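Structure first, commentary second.
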Amino acid sequence: MSVARQPSSWFRSAVVCGALLAAAALSLPAAQQASAQPYDPPADQVPLSTLLTQLQTYYQQTETATEAYNQAKETADQKRTAARKVDKQLADQKAAVAASRAQLGLMATQMYRNGGVSPYLSLLSGQSPQDFFGQRHVLGQMAQQQRSVLGRLTSGEARLKTLNTQAQKALDTAEQAQTVAGAKQKDVQKHLKQVEGMLSGLTGVQIAELQKLEQADTDQAQQRFMDSKALGGDPALRAPSKAGDRAIGYAFDQLGKPYVWGAQGPDSFDCSGLTSQAWAHAGTTIPRTSQQQWAQLPHVPLELLRPGDLVIYFKGATHVALYIGDGLVIQAPRPGSYVKVSPIAANPILGAVRPDLGEQPISDYTPRSIPKNAEQPLPIAAETKAPAKSTKSAKSAKSTKSGAKGKAEDK
């Protein structure tokens, strides 16, 4: 009878050590993953300069998203207008085809009832050659008229088919553009939530300190810019054109109105909504967004900048303001703020454009007086309200599609 051997003490120790090593190895990835997670220190432990940089980054991202939304919305509006135009053409063509069909039907009925002869031909009862050729002439005219109506009907039906295709394509394009605009709208709201989330973690004292720090940075940037003589000569002596003066007057009338993303008046504005409306009221239509204004309007060097010109900011041309002279602009700065007078160097300058290139400046120009508190720093806060007509535009697009699509399918 054999007796089973008991494991030695060193073997038991080896097993225990192996188990401990295995457990440690299994727990290592989890520990590494936990240590890799970013650590967000409390706001009161972050330097104010860092908080300001983060907040300004969020604001810039929000404005970039806003201008992308503005472009998408403008495209959607244009596509809806094109769809309505094609829809109107389709309706007119359907009416024309129906009229041609009705006319052919009446002619066929008339000729059938009269044996191929118009009723007034029954008056021709003579047998002379003149009578015979008279009958032939009238019948020939009727046949020619029939061929003409039939030709119009054939070409009209072909055009109707083409317009059906165009109408459906226009509606699909409009719907796609509306979908893109909706996605851009959500992007704006996402970035606004970032701003709100950061602000919610700050105390009133911190916000006040951020305002002071931001104002100090702006003052320093403005001083450096003006000392550099980037505007050349004496910018206070320059005058706008007549149209530029009207644009400036409109901008002055909007001082104090709130910034609302996607808005272009009359009660609120975003940055490019203000500049595009200012020039529209001056009698000059310019592109809607800051990127389009930078891309499509004539560029002018800063040393030739005059009141009424538009100053474009940031590398991506995501912000714009209206120059009013003497190193100052009127702008709709950002969510939570209001249309205000600001130093031209409040943001990094990309360049300038002139909507009325070639127009002569006003002689004996007197700059407007800046109202009290128009330049005062405003509270850092987020405004999440969208322009009221955004929802209306979406409903309009849906209504247009449902109505016009039915017409496109009804042939």
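We name chains A, B, ... following the order of the structure tokens; residues begin at 1 in each chain, and ligands are numbered from 1 as shown.
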Query raised in the report: Near Glu67 in chain A, within 9 Å and counting only C-alpha atoms, which residues show up once chain neighbours fewer than 6 positions away are dropped, as an NGL selection string?
Result: :A and (261-262 or 270-272 or 288-291 or 318-319)
Query - Selection: 6 Å around Leu350 in chain A, only C-alpha atoms, excl. self and same-chain fewer than 5 positions, as a ChimeraX atom specification - result: /A:312-314
Filtering to N, CA, C and O atoms, could you give me those residues as a PDB file, in the first residue's frame?
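Saved file out.pdb follows:
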ATOM      1  N   ILE A 312     -11.196  91.522 -39.486  1.00  0.00           N
ATOM      2  CA  ILE A 312     -11.384  90.076 -39.351  1.00  0.00           C
ATOM      3  C   ILE A 312     -10.376  89.542 -38.336  1.00  0.00           C
ATOM      4  O   ILE A 312      -9.197  89.938 -38.345  1.00  0.00           O
ATOM      5  N   TYR A 313     -10.829  88.625 -37.497  1.00  0.00           N
ATOM      6  CA  TYR A 313      -9.995  88.137 -36.401  1.00  0.00           C
ATOM      7  C   TYR A 313      -9.801  86.622 -36.454  1.00  0.00           C
ATOM      8  O   TYR A 313     -10.620  85.894 -37.012  1.00  0.00           O
ATOM      9  N   PHE A 314      -8.713  86.195 -35.837  1.00  0.00           N
ATOM     10  CA  PHE A 314      -8.327  84.801 -35.671  1.00  0.00           C
ATOM     11  C   PHE A 314      -7.932  84.172 -37.010  1.00  0.00           C
ATOM     12  O   PHE A 314      -8.357  84.618 -38.084  1.00  0.00           O
TER      13      PHE A 314
END
Query raised in the report: Any idea what's packed within 7 Å of Val341 in chain A, counting only C-alpha atoms, ignoring anything in its chain fewer than 4 positions away? Could you give it as a list in words?
Result: Leu328, Val329, Ile330, Gln331, Ala374 and Glu375 of chain A
Write out, as a PDB file, in the first residue's frame, the residues just selected, with C-alpha atoms.
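Listing of result_37.pdb after writing:
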ATOM      1  CA  LEU A 328     -11.819 101.295 -32.145  1.00  0.00           C
ATOM      2  CA  VAL A 329     -14.433  98.863 -33.460  1.00  0.00           C
ATOM      3  CA  ILE A 330     -18.071  98.039 -32.788  1.00  0.00           C
ATOM      4  CA  GLN A 331     -18.643  94.337 -32.335  1.00  0.00           C
ATOM      5  CA  ALA A 374     -20.273 101.688 -24.520  1.00  0.00           C
ATOM      6  CA  GLU A 375     -16.723 100.459 -23.854  1.00  0.00           C
TER       7      GLU A 375
END
Query raised in the report: Running DSSP on the backbone, which parts of range 209-335 of chain A land in helix (DSSP H, G or I), as an MDAnalysis selection string?
Result: chainID A and resid 209:227 235:237 242:253 271:281 290:296 302:304
Report task. Can you pull out every residue within 10 Å of Lys190 in chain A, counting only C-alpha atoms, but drop anything in the same chain fewer than 3 positions away, and send it as a PyMOL selection string? Result -> chain A and resi 61-62+65+184-187+193-196+384
Would you export the selected residues with N, CA and C atoms as a short mmCIF file (atom, residue, chain, number, x, y, z; two decimals), in the first residue's frame, please?
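Listing of part-v5.cif after writing:
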data_model
loop_
_atom_site.label_atom_id
_atom_site.label_comp_id
_atom_site.auth_asym_id
_atom_site.auth_seq_id
_atom_site.Cartn_x
_atom_site.Cartn_y
_atom_site.Cartn_z
N GLN A 61 -14.22 78.57 -29.79
CA GLN A 61 -14.80 77.37 -30.39
C GLN A 61 -16.30 77.56 -30.64
N THR A 62 -16.95 78.23 -29.71
CA THR A 62 -18.38 78.49 -29.86
C THR A 62 -18.63 79.41 -31.06
N ALA A 65 -18.14 77.53 -34.28
CA ALA A 65 -19.32 76.71 -34.55
C ALA A 65 -20.49 77.57 -35.00
N LYS A 184 -24.97 71.51 -37.17
CA LYS A 184 -24.14 72.64 -36.75
C LYS A 184 -24.74 73.34 -35.53
N GLN A 185 -26.07 73.39 -35.48
CA GLN A 185 -26.75 74.00 -34.34
C GLN A 185 -26.43 73.22 -33.06
N LYS A 186 -26.45 71.91 -33.16
CA LYS A 186 -26.11 71.08 -31.99
C LYS A 186 -24.66 71.30 -31.58
N ASP A 187 -23.79 71.53 -32.56
CA ASP A 187 -22.38 71.77 -32.26
C ASP A 187 -22.22 73.06 -31.46
N LYS A 193 -22.39 74.63 -23.77
CA LYS A 193 -22.46 73.86 -22.53
C LYS A 193 -21.09 73.77 -21.87
N GLN A 194 -20.02 73.73 -22.70
CA GLN A 194 -18.67 73.75 -22.12
C GLN A 194 -18.44 75.05 -21.36
N VAL A 195 -18.87 76.16 -21.96
CA VAL A 195 -18.72 77.45 -21.29
C VAL A 195 -19.52 77.46 -20.00
N GLU A 196 -20.76 77.01 -20.08
CA GLU A 196 -21.62 77.00 -18.89
C GLU A 196 -21.04 76.12 -17.80
N THR A 384 -27.37 80.98 -24.11
CA THR A 384 -27.59 79.76 -24.89
C THR A 384 -28.81 79.86 -25.78
#
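With only C-alpha atoms as the atoms that count, the residue of A:Leu357, A:Ala263, A:Ala332, A:Ala345 with the shortest distance to Arg306 in chain A is A:Leu357.
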Taking only C-alpha atoms into account, produce a table as CSV in which each residue of range 313-363 of chain A with an atom at most 10 Å from an atom of range 213-235 of chain A appears once, together with its shortest atom pair and the distance in Å to one decimal, ordered by chain and rising number.
residue,atom,partner,partner_atom,distance
A:Gly325,CA,A:Pro235,CA,6.3
A:Asp326,CA,A:Pro235,CA,5.1
A:Gly327,CA,A:Pro235,CA,7.0
A:Leu328,CA,A:Gln222,CA,9.7
A:Ser342,CA,A:Thr218,CA,9.3
A:Pro343,CA,A:Gln222,CA,6.3
A:Ile344,CA,A:Gln222,CA,7.0
A:Ala345,CA,A:Gln222,CA,5.0
A:Ala346,CA,A:Thr218,CA,5.2
A:Asn347,CA,A:Thr218,CA,8.0
A:Pro348,CA,A:Ala221,CA,9.0
**Report entry** Spatial neighbours of Ala239 in chain A, 12 Å, only C-alpha atoms, chain gap at least 5 places, as a list in words
**Finding:** Asp234, Gly244, Asp245, Ile248, Leu304, Leu305, Arg306, Pro307, Gly308, Asp309, Tyr323, Ile324, Gly325, Asp326, Glu359, Gln360, Pro361, Ile362, Ser363, Asp364, Tyr365, Thr366, Pro367 and Arg368 of chain A
**Report entry** Residues flagged strand (DSSP E or B) by DSSP in range 211-287 of chain A, as a ChimeraX atom specification
**Finding:** /A:258-259,264,269
Generate a file of the selected residues that holds C-alpha atoms, formatted as a PDB file, in the first residue's frame.
ATOM      1  CA  PRO A 258     -27.483  91.213 -26.758  1.00  0.00           C
ATOM      2  CA  TYR A 259     -25.274  88.769 -28.599  1.00  0.00           C
ATOM      3  CA  GLN A 264     -28.906  89.166 -37.401  1.00  0.00           C
ATOM      4  CA  PHE A 269     -26.907  89.873 -33.228  1.00  0.00           C
TER       5      PHE A 269
END
Query raised in the report: What separation in Å, quoted to one decimal, exists between CA of Arg159 in chain A and CA of Asp172 in chain A?
Result: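 If I compute the distance from CA of Arg159 in chain A to CA of Asp172 in chain A, I get 19.8 Å.
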Query raised in the report: Counting only C-alpha atoms, which of A:Ala102, A:Phe252, A:Asp267, A:Val353 gets nearest to Leu297 in chain A?
Result: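 The answer is A:Val353, which sits nearest to Leu297 in chain A.
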